[in-house]
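K.L.:
Sharing query-v5.cif below, mmCIF, C-alpha atoms:
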data_final
loop_
_atom_site.label_atom_id
_atom_site.label_comp_id
_atom_site.auth_asym_id
_atom_site.auth_seq_id
_atom_site.Cartn_x
_atom_site.Cartn_y
_atom_site.Cartn_z
CA MET R 1 -15.71 -4.20 13.63
CA HIS R 2 -12.92 -5.16 11.25
CA LEU R 3 -9.24 -5.40 12.15
CA PHE R 4 -8.12 -2.09 10.63
CA LYS R 5 -10.82 -0.22 12.58
CA GLN R 6 -10.22 -2.10 15.82
CA HIS R 7 -6.57 -1.11 15.85
CA GLU R 8 -6.84 2.21 14.02
CA VAL R 9 -4.06 4.68 14.67
CA LYS R 10 -4.93 7.31 17.26
CA ASP R 11 -2.72 10.12 15.95
CA TYR R 12 -3.08 10.11 12.17
CA GLU R 13 -0.76 13.05 11.47
CA ALA R 14 2.01 11.48 13.52
CA ALA R 15 1.54 8.23 11.61
CA VAL R 16 1.80 10.03 8.26
CA GLY R 17 5.09 11.53 9.42
CA GLN R 18 6.57 8.07 9.93
CA ILE R 19 6.55 7.34 6.17
CA PRO R 20 9.12 9.67 4.60
CA VAL R 21 9.14 11.13 1.11
CA ILE R 22 12.52 10.43 -0.52
CA ASP R 23 13.51 12.61 -3.48
CA TYR R 24 15.36 10.47 -6.04
CA GLY R 25 15.71 13.35 -8.52
CA PRO R 26 19.27 14.48 -7.66
CA TYR R 27 20.51 10.87 -7.49
CA PHE R 28 18.96 9.91 -10.83
CA ALA R 29 20.44 13.10 -12.31
CA GLY R 30 23.92 12.09 -11.14
CA ALA R 31 24.40 14.89 -8.63
CA PRO R 32 27.60 14.58 -6.56
CA ARG R 33 27.17 12.56 -3.35
CA ALA R 34 23.42 12.31 -3.95
CA ILE R 35 23.55 8.54 -3.46
CA GLU R 36 24.89 9.00 0.06
CA HIS R 37 21.98 11.25 0.96
CA VAL R 38 19.39 8.91 -0.55
CA ALA R 39 20.99 5.85 1.04
CA ALA R 40 20.82 7.46 4.50
CA GLU R 41 17.12 8.24 4.03
CA VAL R 42 16.45 4.72 2.70
CA ALA R 43 18.19 3.14 5.68
CA HIS R 44 16.19 5.28 8.11
CA ALA R 45 12.87 4.37 6.45
CA CYS R 46 13.62 0.68 6.03
CA GLU R 47 14.83 0.17 9.59
CA ARG R 48 11.88 1.97 11.18
CA VAL R 49 8.77 1.43 9.08
CA GLY R 50 9.56 -0.47 5.84
CA PHE R 51 7.61 1.99 3.65
CA PHE R 52 8.51 5.25 1.92
CA TYR R 53 7.34 7.46 -0.93
CA ALA R 54 9.61 7.79 -3.98
CA LEU R 55 9.47 11.29 -5.46
CA ASN R 56 10.96 12.31 -8.84
CA HIS R 57 11.14 8.65 -9.78
CA GLY R 58 11.48 9.27 -13.50
CA VAL R 59 8.35 7.43 -14.69
CA PRO R 60 6.19 9.76 -16.83
CA GLU R 61 2.67 10.37 -15.51
CA GLU R 62 1.32 9.55 -18.98
CA VAL R 63 2.74 6.03 -18.73
CA ILE R 64 1.03 5.56 -15.35
CA ASP R 65 -2.29 7.01 -16.55
CA ARG R 66 -2.31 4.78 -19.64
CA ALA R 67 -1.56 1.74 -17.47
CA PHE R 68 -4.55 2.48 -15.23
CA ALA R 69 -6.75 2.99 -18.30
CA ALA R 70 -5.57 -0.36 -19.71
CA SER R 71 -6.32 -2.03 -16.38
CA ARG R 72 -9.86 -0.67 -16.34
CA ARG R 73 -10.41 -1.84 -19.92
CA PHE R 74 -9.20 -5.32 -19.05
CA HIS R 75 -11.28 -5.64 -15.90
CA SER R 76 -14.40 -4.41 -17.74
CA LEU R 77 -14.26 -7.45 -20.05
CA PRO R 78 -16.87 -10.18 -19.59
CA LEU R 79 -15.72 -12.80 -17.08
CA GLU R 80 -15.50 -15.58 -19.68
CA GLN R 81 -13.02 -13.53 -21.74
CA LYS R 82 -10.85 -12.91 -18.68
CA LEU R 83 -10.98 -16.57 -17.71
CA ALA R 84 -9.62 -17.43 -21.18
CA VAL R 85 -6.28 -16.08 -19.89
CA LYS R 86 -6.61 -17.48 -16.36
CA LEU R 87 -3.56 -17.51 -14.10
CA ASN R 88 -1.18 -20.35 -14.99
CA GLU R 89 1.50 -22.29 -13.12
CA ASN R 90 3.91 -19.33 -13.50
CA ASN R 91 1.31 -17.00 -11.93
CA ILE R 92 0.87 -15.04 -15.14
CA GLY R 93 -2.61 -14.11 -16.31
CA TYR R 94 -6.00 -13.42 -14.73
CA LEU R 95 -6.87 -14.15 -11.09
CA PRO R 96 -10.60 -14.08 -10.32
CA ILE R 97 -12.20 -13.04 -7.06
CA ASN R 98 -12.28 -15.84 -4.44
CA ALA R 99 -9.22 -17.57 -5.92
CA SER R 100 -6.48 -16.66 -3.43
CA VAL R 101 -5.87 -16.40 0.29
CA GLN R 102 -2.99 -14.97 2.31
CA GLY R 103 -1.97 -18.44 3.42
CA ALA R 104 1.72 -17.53 3.70
CA SER R 105 1.00 -14.62 6.02
CA THR R 106 2.55 -14.78 9.47
CA VAL R 107 0.85 -11.58 10.65
CA HIS R 108 -2.81 -12.59 10.33
CA LYS R 109 -4.79 -15.82 10.04
CA ALA R 110 -6.79 -15.44 6.85
CA THR R 111 -9.90 -17.61 6.74
CA LYS R 112 -11.68 -16.22 3.69
CA PRO R 113 -10.58 -15.69 0.07
CA ASN R 114 -9.36 -12.28 -1.09
CA GLN R 115 -11.99 -10.03 -2.65
CA ASN R 116 -10.03 -8.73 -5.60
CA GLU R 117 -9.42 -9.68 -9.20
CA SER R 118 -6.00 -9.20 -10.74
CA PHE R 119 -4.15 -9.42 -14.04
CA PHE R 120 -0.47 -10.43 -13.76
CA VAL R 121 2.13 -9.51 -16.39
CA SER R 122 5.87 -10.24 -16.50
CA HIS R 123 8.65 -10.02 -19.09
CA ASP R 124 7.06 -10.33 -22.53
CA ARG R 125 8.99 -13.39 -23.68
CA GLY R 126 8.50 -14.85 -27.13
CA PRO R 127 7.86 -18.53 -27.90
CA GLU R 128 11.53 -19.04 -28.84
CA HIS R 129 12.92 -17.67 -25.60
CA PRO R 130 15.25 -20.41 -24.30
CA ASP R 131 13.64 -20.48 -20.86
CA VAL R 132 10.19 -20.79 -22.42
CA VAL R 133 11.37 -23.64 -24.63
CA ALA R 134 12.98 -25.34 -21.61
CA GLY R 135 9.84 -24.87 -19.51
CA LYS R 136 11.73 -23.25 -16.63
CA PRO R 137 9.55 -22.30 -13.64
CA LEU R 138 8.75 -18.59 -13.31
CA ARG R 139 10.07 -17.93 -16.84
CA GLY R 140 6.90 -18.33 -18.87
CA ARG R 141 5.04 -16.13 -21.35
CA ASN R 142 2.44 -13.45 -20.81
CA GLN R 143 -1.18 -14.14 -21.69
CA TRP R 144 -3.14 -11.44 -23.49
CA PRO R 145 -6.91 -11.13 -24.08
CA SER R 146 -7.81 -11.50 -27.75
CA ALA R 147 -10.48 -8.80 -27.45
CA LEU R 148 -8.07 -6.06 -26.35
CA HIS R 149 -4.87 -6.01 -28.39
CA ASP R 150 -3.98 -2.47 -27.33
CA VAL R 151 -3.67 -3.14 -23.59
CA ARG R 152 -0.45 -5.03 -24.23
CA ILE R 153 1.34 -1.89 -25.42
CA ASP R 154 0.34 0.24 -22.42
CA MET R 155 0.85 -2.49 -19.83
CA MET R 156 4.29 -3.41 -21.14
CA ALA R 157 5.30 0.27 -21.33
CA TYR R 158 4.51 0.47 -17.62
CA PHE R 159 6.34 -2.78 -16.88
CA GLU R 160 9.48 -1.61 -18.66
CA ALA R 161 9.39 1.84 -17.03
CA LEU R 162 9.10 0.32 -13.55
CA ASP R 163 11.80 -2.24 -14.33
CA GLY R 164 14.17 0.58 -15.19
CA MET R 165 13.21 2.60 -12.12
CA CYS R 166 13.70 -0.31 -9.72
CA GLU R 167 17.05 -1.22 -11.27
CA ARG R 168 18.25 2.36 -10.73
CA MET R 169 17.11 2.15 -7.10
CA LEU R 170 19.31 -0.86 -6.28
CA PRO R 171 22.59 1.01 -5.52
CA PRO R 172 21.11 3.15 -2.70
CA PHE R 173 19.67 0.01 -1.09
CA ALA R 174 23.14 -1.54 -1.15
CA ALA R 175 24.76 1.60 0.20
CA ALA R 176 22.12 1.75 2.95
CA LEU R 177 23.35 -1.65 4.15
CA GLY R 178 27.02 -0.62 4.00
CA LEU R 179 27.62 -2.70 0.87
CA PRO R 180 29.33 -1.74 -2.41
CA GLU R 181 26.87 0.16 -4.59
CA ASP R 182 26.92 -2.55 -7.26
CA PHE R 183 26.34 -5.42 -4.81
CA PHE R 184 22.76 -6.30 -5.78
CA GLY R 185 23.19 -5.85 -9.55
CA PRO R 186 24.37 -9.40 -10.39
CA PHE R 187 21.42 -10.94 -8.52
CA PHE R 188 19.00 -9.11 -10.83
CA ALA R 189 20.80 -9.88 -14.11
CA ASP R 190 19.21 -11.84 -16.99
CA GLU R 191 15.59 -10.81 -16.38
CA PRO R 192 14.89 -10.56 -12.66
CA HIS R 193 11.64 -12.02 -11.37
CA ALA R 194 9.51 -8.95 -11.93
CA VAL R 195 5.71 -8.99 -12.01
CA VAL R 196 3.19 -6.20 -12.37
CA ARG R 197 -0.24 -6.85 -10.87
CA PHE R 198 -3.18 -4.82 -12.15
CA LEU R 199 -5.65 -4.96 -9.26
CA HIS R 200 -9.38 -4.28 -9.14
CA TYR R 201 -11.20 -4.21 -5.80
CA PRO R 202 -14.99 -4.09 -6.22
CA PRO R 203 -16.90 -2.44 -3.38
CA GLN R 204 -17.16 -4.95 -0.55
CA GLU R 205 -20.64 -5.90 0.53
CA SER R 206 -19.25 -6.99 3.89
CA THR R 207 -16.31 -5.59 5.83
CA GLU R 208 -16.80 -7.80 8.85
CA ASP R 209 -15.98 -11.40 9.72
CA ASN R 210 -12.42 -11.45 8.40
CA THR R 211 -13.34 -10.39 4.86
CA PHE R 212 -10.72 -8.32 3.03
CA GLY R 213 -9.92 -7.15 -0.46
CA GLN R 214 -6.42 -8.37 0.36
CA ALA R 215 -5.94 -9.84 3.82
CA PRO R 216 -3.06 -8.56 5.99
CA HIS R 217 0.28 -9.91 4.76
CA THR R 218 3.87 -9.09 3.91
CA ASP R 219 5.08 -9.17 0.31
CA ASN R 220 7.54 -11.82 -0.80
CA SER R 221 9.41 -9.47 -3.13
CA PHE R 222 12.68 -7.59 -2.74
CA MET R 223 10.66 -4.38 -3.10
CA THR R 224 7.20 -3.36 -4.27
CA ALA R 225 6.28 -0.11 -6.04
CA LEU R 226 2.59 0.74 -5.67
CA ALA R 227 0.58 3.17 -7.77
CA ARG R 228 -2.86 4.09 -6.44
CA THR R 229 -5.90 6.12 -7.39
CA GLU R 230 -7.89 8.37 -5.08
CA VAL R 231 -10.19 5.60 -3.80
CA PRO R 232 -8.95 4.57 -0.32
CA GLY R 233 -8.56 1.04 0.99
CA LEU R 234 -4.89 0.37 1.74
CA ALA R 235 -3.92 -0.07 5.39
CA VAL R 236 -0.38 -0.34 6.78
CA ARG R 237 0.56 -1.72 10.20
CA LEU R 238 2.99 0.53 12.04
CA PRO R 239 5.63 -0.85 14.43
CA SER R 240 3.27 0.18 17.26
CA GLY R 241 0.75 -2.39 16.00
CA GLU R 242 -1.68 0.32 14.89
CA TRP R 243 -3.12 0.38 11.36
CA PHE R 244 -3.50 3.47 9.20
CA SER R 245 -4.21 4.46 5.62
CA PRO R 246 -1.22 6.25 4.06
CA PRO R 247 -2.30 9.33 2.09
CA LEU R 248 -2.01 9.56 -1.67
CA ILE R 249 0.86 11.92 -2.57
CA PRO R 250 0.77 13.00 -6.24
CA GLY R 251 3.91 12.31 -8.23
CA THR R 252 5.12 9.48 -5.99
CA PHE R 253 5.17 5.71 -5.79
CA LEU R 254 4.60 4.12 -2.41
CA ILE R 255 7.54 1.74 -1.90
CA ASN R 256 7.62 -1.13 0.56
CA LEU R 257 10.12 -3.88 1.21
CA GLY R 258 9.30 -7.56 1.00
CA ASN R 259 10.45 -10.72 2.73
CA ILE R 260 13.43 -11.20 0.40
CA MET R 261 15.00 -7.90 1.43
CA ARG R 262 14.24 -8.65 5.06
CA ARG R 263 15.96 -12.02 4.68
CA TRP R 264 18.96 -10.50 2.91
CA SER R 265 19.36 -7.88 5.65
CA ASN R 266 19.02 -10.43 8.48
CA ASP R 267 15.85 -8.63 9.68
CA ARG R 268 17.57 -5.24 9.83
CA PHE R 269 15.19 -3.93 7.17
CA LEU R 270 11.46 -4.42 7.76
CA SER R 271 8.90 -6.18 5.62
CA THR R 272 5.85 -4.34 6.89
CA PRO R 273 2.35 -5.89 7.06
CA HIS R 274 -0.36 -4.28 4.99
CA GLY R 275 -3.74 -5.14 3.53
CA VAL R 276 -6.74 -3.75 1.68
CA LEU R 277 -10.40 -3.37 2.62
CA ASN R 278 -12.58 -1.50 0.15
CA ALA R 279 -15.40 0.04 2.17
CA SER R 280 -15.57 3.09 -0.12
CA GLY R 281 -18.65 2.04 -2.10
CA SER R 282 -16.64 2.57 -5.31
CA ASP R 283 -14.44 0.40 -7.49
CA ARG R 284 -10.80 0.65 -6.44
CA TYR R 285 -7.82 0.16 -8.76
CA SER R 286 -4.14 -0.07 -7.95
CA ILE R 287 -1.01 -1.34 -9.71
CA ALA R 288 1.65 -3.22 -7.75
CA TYR R 289 5.07 -3.84 -9.29
CA PHE R 290 6.96 -6.63 -7.52
CA TYR R 291 10.71 -6.53 -8.13
CA SER R 292 12.79 -9.54 -7.07
CA PRO R 293 16.03 -11.31 -8.03
CA ASN R 294 16.58 -13.79 -10.82
CA PRO R 295 14.91 -17.08 -9.82
CA SER R 296 18.29 -18.84 -9.66
CA ALA R 297 19.78 -16.31 -7.22
CA VAL R 298 20.90 -17.62 -3.84
CA ILE R 299 19.70 -15.41 -1.00
CA GLU R 300 21.80 -15.35 2.17
CA CYS R 301 22.28 -12.70 4.82
CA VAL R 302 24.75 -10.05 3.69
CA PRO R 303 28.01 -9.79 5.64
CA THR R 304 27.33 -6.26 6.92
CA CYS R 305 24.24 -7.56 8.75
CA VAL R 306 25.87 -10.54 10.47
CA THR R 307 28.11 -10.43 13.53
CA VAL R 308 29.16 -12.77 16.32
CA ASP R 309 26.44 -11.27 18.51
CA ASN R 310 23.92 -11.18 15.66
CA PRO R 311 24.32 -14.42 13.68
CA SER R 312 22.40 -15.20 10.52
CA ARG R 313 18.75 -15.97 11.18
CA TYR R 314 18.28 -17.58 7.74
CA SER R 315 19.97 -20.38 5.85
CA PRO R 316 20.96 -19.70 2.23
CA ALA R 317 18.04 -20.38 -0.12
CA VAL R 318 17.37 -20.26 -3.85
CA TYR R 319 14.89 -17.50 -4.62
CA ARG R 320 12.92 -19.80 -6.95
CA ASP R 321 12.18 -22.17 -4.06
CA LEU R 322 11.09 -19.33 -1.80
CA VAL R 323 8.65 -17.80 -4.25
CA LEU R 324 7.15 -21.12 -5.37
CA GLU R 325 6.48 -21.99 -1.72
CA PHE R 326 4.80 -18.58 -1.35
CA TYR R 327 2.65 -19.20 -4.43
CA ARG R 328 1.57 -22.64 -3.25
CA ALA R 329 0.42 -21.20 0.07
CA ASN R 330 -1.57 -18.33 -1.44
CA TYR R 331 -3.07 -19.34 -4.79
CA PHE R 332 -5.78 -21.98 -5.12
CA HIS R 333 -4.73 -23.05 -8.63
CA GLN R 334 -1.17 -23.93 -7.61
CA ARG R 335 -0.44 -27.64 -7.30
CA GLY R 336 -0.32 -28.68 -3.67
CA HIS R 337 -2.44 -25.80 -2.34
CA ARG R 338 -4.75 -26.80 0.49
CA SER R 339 -6.66 -24.39 2.67
CA ALA R 340 -10.04 -24.02 4.31
CA ALA R 341 -10.53 -20.84 2.29
CA ALA R 342 -10.06 -22.76 -0.99
CA SER R 343 -12.57 -25.38 0.12
CA GLN R 344 -14.99 -22.63 1.10
CA ALA R 345 -14.68 -20.94 -2.29
CA ALA R 346 -15.26 -24.24 -4.11
CA ALA R 347 -18.36 -25.11 -2.07
#
When written as structure tokens, how does the structure in this file appear?

P.N.:
Amino acid sequence: MHLFKQHEVKDYEAAVGQIPVIDYGPYFAGAPRAIEHVAAEVAHACERVGFFYALNHGVPEEVIDRAFAASRRFHSLPLEQKLAVKLNENNIGYLPINASVQGASTVHKATKPNQNESFFVSHDRGPEHPDVVAGKPLRGRNQWPSALHDVRIDMMAYFEALDGMCERMLPPFAAALGLPEDFFGPFFADEPHAVVRFLHYPPQESTEDNTFGQAPHTDNSFMTALARTEVPGLAVRLPSGEWFSPPLIPGTFLINLGNIMRRWSNDRFLSTPHGVLNASGSDRYSIAYFYSPNPSAVIECVPTCVTVDNPSRYSPAVYRDLVLEFYRANYFHQRGHRSAAASQAAA
């Protein structure tokens, strides 16, 4: 019996109630004092479970639908065409099945490669972009399949819509921590490290013996916005240690915090473990948008989360260093990666 089943939540309805639905509509519309209301709900969710649903987020359903259609078109390409845009040193491009492991995870010991394929897209920089010319880490160019010119339009429309949504969500996060509303803005200036991952989970032949679509882990982002289809597979670990599958709520994104926000908040806000196991018998698609600071940003615990009795648990660190360490632990193609799972996949 696999992990999610072994520790399955006993009271599903009570578990569903732990992940709140936060209505961003009044705040995005500029209603008086709406940010205070949203910030209070964000603080409650982030301190207790680390996940919440974002309702009235402002991203048109058509943009989301076209992104899923583009993802399906990409993943239906022959493998050799996808490998022509294989994931590079900046983690942009195509990731095949059996090419990653949750090596950075502190919540589960992954021993087998992840059973998903993914296409990663970031800011669509041109060849003359100064960071591209300089060869700066994490500031490279997107790779696009020559056989599908149209997916670029729909995928980048989604990227830009989510970038705008996440930027608008920063002030309530700051207010939730007792900070000035504009506190996080400068850290995300000049193209934050934002990546959209178009995921395809084929039906798993085996769900036993530590085999996952995505093994249990915490994200390394500031926040992640997840769009899902009706095929189940996602599991979230509650503070009780139980695992459950959050329901799909139409018109919402499922938002979770990552390790960067946990670090910034000195562990006040949770980075909640989650994973995927596709036992549905059907292909599963999801789209994860990872939103994080500019690579040069220095991350240190914010003053409202540090006291004499609760000193900083983390030393200041450059975000670039943190994410590159995360990549090296998880992705087989990254220089310096060593794991039993990588050796197993290569055998």

K.L.:
Return as a ChimeraX atom specification the set of residues that the PyMOL selection byres ((chain R and resi 204) around 8) yields on the displayed structure.

P.N.:
/R:115,201-203,205-207,213,277-279,281

K.L.:
Here's the selection I'm unsure about, the PyMOL selection byres ((chain R and resi 268) around 10); applied to the file above, which residues does it give, as a list in words?

P.N.:
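Residues picked by the PyMOL selection byres ((chain R and resi 268) around 10): Ala43, Cys46, Glu47, Arg48, Leu177, Met261, Arg262, Arg263, Trp264, Ser265, Asn266, Asp267, Phe269, Leu270, Ser271, Cys305 and Val306 of chain R.
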
K.L.:
Assuming the chain letters and numbering stay as they are in my file, what does the PyMOL selection byres ((chain R and resi 248) around 9) actually select? List them as a PyMOL selection string.

P.N.:
chain R and resi 228-230+232+246-247+249-250+252+254

K.L.:
Could you tell me which of R:His217, R:Arg335, R:Arg197, R:His44 comes closest to R:Leu95 if we count all atoms listed in the file?

P.N.:
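With all atoms listed in the file as the atom set, the closest residue is R:Arg197.
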
K.L.:
Write out as a count of residues only each polymer residue whose atoms come within 6 Å of stretch 23-33 of chain R, counting only C-alpha atoms; drop sequence neighbours fewer than 3 positions from it.

P.N.:
4

K.L.:
Could you pull stretch 142-174 of chain R out of the block above and give me N, CA and C atoms, as a JSON list (two decimals), in the first residue's frame?

P.N.:
[["chain", "number", "residue", "atom", "x", "y", "z"],
["R", 142, "ASN", "N", 13.71, 30.77, -23.47],
["R", 142, "ASN", "CA", 12.81, 29.64, -23.64],
["R", 142, "ASN", "C", 13.22, 28.83, -24.86],
["R", 143, "GLN", "N", 12.84, 27.56, -24.85],
["R", 143, "GLN", "CA", 13.04, 26.68, -26.00],
["R", 143, "GLN", "C", 11.65, 26.27, -26.51],
["R", 144, "TRP", "N", 11.46, 26.35, -27.83],
["R", 144, "TRP", "CA", 10.16, 26.06, -28.40],
["R", 144, "TRP", "C", 10.27, 24.98, -29.46],
["R", 145, "PRO", "N", 9.31, 24.04, -29.51],
["R", 145, "PRO", "CA", 9.36, 22.98, -30.53],
["R", 145, "PRO", "C", 9.08, 23.55, -31.92],
["R", 146, "SER", "N", 9.89, 23.17, -32.87],
["R", 146, "SER", "CA", 9.73, 23.70, -34.24],
["R", 146, "SER", "C", 8.42, 23.23, -34.88],
["R", 147, "ALA", "N", 7.89, 22.11, -34.41],
["R", 147, "ALA", "CA", 6.69, 21.55, -35.03],
["R", 147, "ALA", "C", 5.40, 22.23, -34.57],
["R", 148, "LEU", "N", 5.47, 23.00, -33.49],
["R", 148, "LEU", "CA", 4.26, 23.61, -32.93],
["R", 148, "LEU", "C", 4.52, 25.09, -32.61],
["R", 149, "HIS", "N", 4.45, 25.93, -33.64],
["R", 149, "HIS", "CA", 4.72, 27.35, -33.42],
["R", 149, "HIS", "C", 3.63, 28.01, -32.58],
["R", 150, "ASP", "N", 2.40, 27.49, -32.64],
["R", 150, "ASP", "CA", 1.29, 28.18, -31.98],
["R", 150, "ASP", "C", 1.27, 27.99, -30.47],
["R", 151, "VAL", "N", 1.93, 26.96, -29.94],
["R", 151, "VAL", "CA", 1.87, 26.77, -28.48],
["R", 151, "VAL", "C", 2.55, 27.92, -27.74],
["R", 152, "ARG", "N", 3.49, 28.56, -28.39],
["R", 152, "ARG", "CA", 4.20, 29.67, -27.74],
["R", 152, "ARG", "C", 3.23, 30.78, -27.35],
["R", 153, "ILE", "N", 2.31, 31.12, -28.23],
["R", 153, "ILE", "CA", 1.37, 32.20, -27.96],
["R", 153, "ILE", "C", 0.51, 31.88, -26.75],
["R", 154, "ASP", "N", -0.06, 30.67, -26.71],
["R", 154, "ASP", "CA", -0.97, 30.32, -25.63],
["R", 154, "ASP", "C", -0.23, 30.10, -24.31],
["R", 155, "MET", "N", 0.95, 29.52, -24.37],
["R", 155, "MET", "CA", 1.71, 29.30, -23.14],
["R", 155, "MET", "C", 2.21, 30.61, -22.55],
["R", 156, "MET", "N", 2.64, 31.53, -23.39],
["R", 156, "MET", "CA", 3.13, 32.80, -22.88],
["R", 156, "MET", "C", 1.97, 33.69, -22.41],
["R", 157, "ALA", "N", 0.80, 33.56, -23.01],
["R", 157, "ALA", "CA", -0.37, 34.30, -22.52],
["R", 157, "ALA", "C", -0.69, 33.85, -21.10],
["R", 158, "TYR", "N", -0.57, 32.56, -20.86],
["R", 158, "TYR", "CA", -0.80, 32.04, -19.51],
["R", 158, "TYR", "C", 0.28, 32.53, -18.55],
["R", 159, "PHE", "N", 1.53, 32.44, -18.98],
["R", 159, "PHE", "CA", 2.64, 32.91, -18.14],
["R", 159, "PHE", "C", 2.43, 34.36, -17.73],
["R", 160, "GLU", "N", 2.11, 35.21, -18.67],
["R", 160, "GLU", "CA", 1.96, 36.64, -18.38],
["R", 160, "GLU", "C", 0.75, 36.91, -17.49],
["R", 161, "ALA", "N", -0.34, 36.15, -17.69],
["R", 161, "ALA", "CA", -1.52, 36.34, -16.85],
["R", 161, "ALA", "C", -1.22, 35.94, -15.40],
["R", 162, "LEU", "N", -0.51, 34.83, -15.22],
["R", 162, "LEU", "CA", -0.17, 34.39, -13.86],
["R", 162, "LEU", "C", 0.86, 35.31, -13.22],
["R", 163, "ASP", "N", 1.78, 35.83, -14.01],
["R", 163, "ASP", "CA", 2.76, 36.78, -13.49],
["R", 163, "ASP", "C", 2.05, 38.00, -12.92],
["R", 164, "GLY", "N", 1.07, 38.50, -13.66],
["R", 164, "GLY", "CA", 0.31, 39.66, -13.18],
["R", 164, "GLY", "C", -0.50, 39.33, -11.94],
["R", 165, "MET", "N", -1.12, 38.16, -11.92],
["R", 165, "MET", "CA", -1.92, 37.77, -10.76],
["R", 165, "MET", "C", -1.05, 37.66, -9.50],
["R", 166, "CYS", "N", 0.08, 36.98, -9.63],
["R", 166, "CYS", "CA", 0.94, 36.78, -8.46],
["R", 166, "CYS", "C", 1.51, 38.10, -7.96],
["R", 167, "GLU", "N", 1.84, 39.00, -8.88],
["R", 167, "GLU", "CA", 2.35, 40.31, -8.45],
["R", 167, "GLU", "C", 1.29, 41.06, -7.65],
["R", 168, "ARG", "N", 0.03, 40.97, -8.08],
["R", 168, "ARG", "CA", -1.05, 41.65, -7.35],
["R", 168, "ARG", "C", -1.32, 41.01, -5.99],
["R", 169, "MET", "N", -0.90, 39.75, -5.82],
["R", 169, "MET", "CA", -1.13, 39.05, -4.56],
["R", 169, "MET", "C", -0.04, 39.35, -3.52],
["R", 170, "LEU", "N", 1.04, 40.00, -3.91],
["R", 170, "LEU", "CA", 2.13, 40.26, -2.97],
["R", 170, "LEU", "C", 1.73, 41.15, -1.78],
["R", 171, "PRO", "N", 1.00, 42.26, -1.99],
["R", 171, "PRO", "CA", 0.69, 43.12, -0.84],
["R", 171, "PRO", "C", -0.07, 42.42, 0.29],
["R", 172, "PRO", "N", -1.08, 41.58, 0.02],
["R", 172, "PRO", "CA", -1.72, 40.89, 1.14],
["R", 172, "PRO", "C", -0.79, 39.94, 1.89],
["R", 173, "PHE", "N", 0.16, 39.32, 1.20],
["R", 173, "PHE", "CA", 1.13, 38.49, 1.90],
["R", 173, "PHE", "C", 1.95, 39.34, 2.87],
["R", 174, "ALA", "N", 2.38, 40.51, 2.40],
["R", 174, "ALA", "CA", 3.14, 41.40, 3.28],
["R", 174, "ALA", "C", 2.31, 41.84, 4.47]]
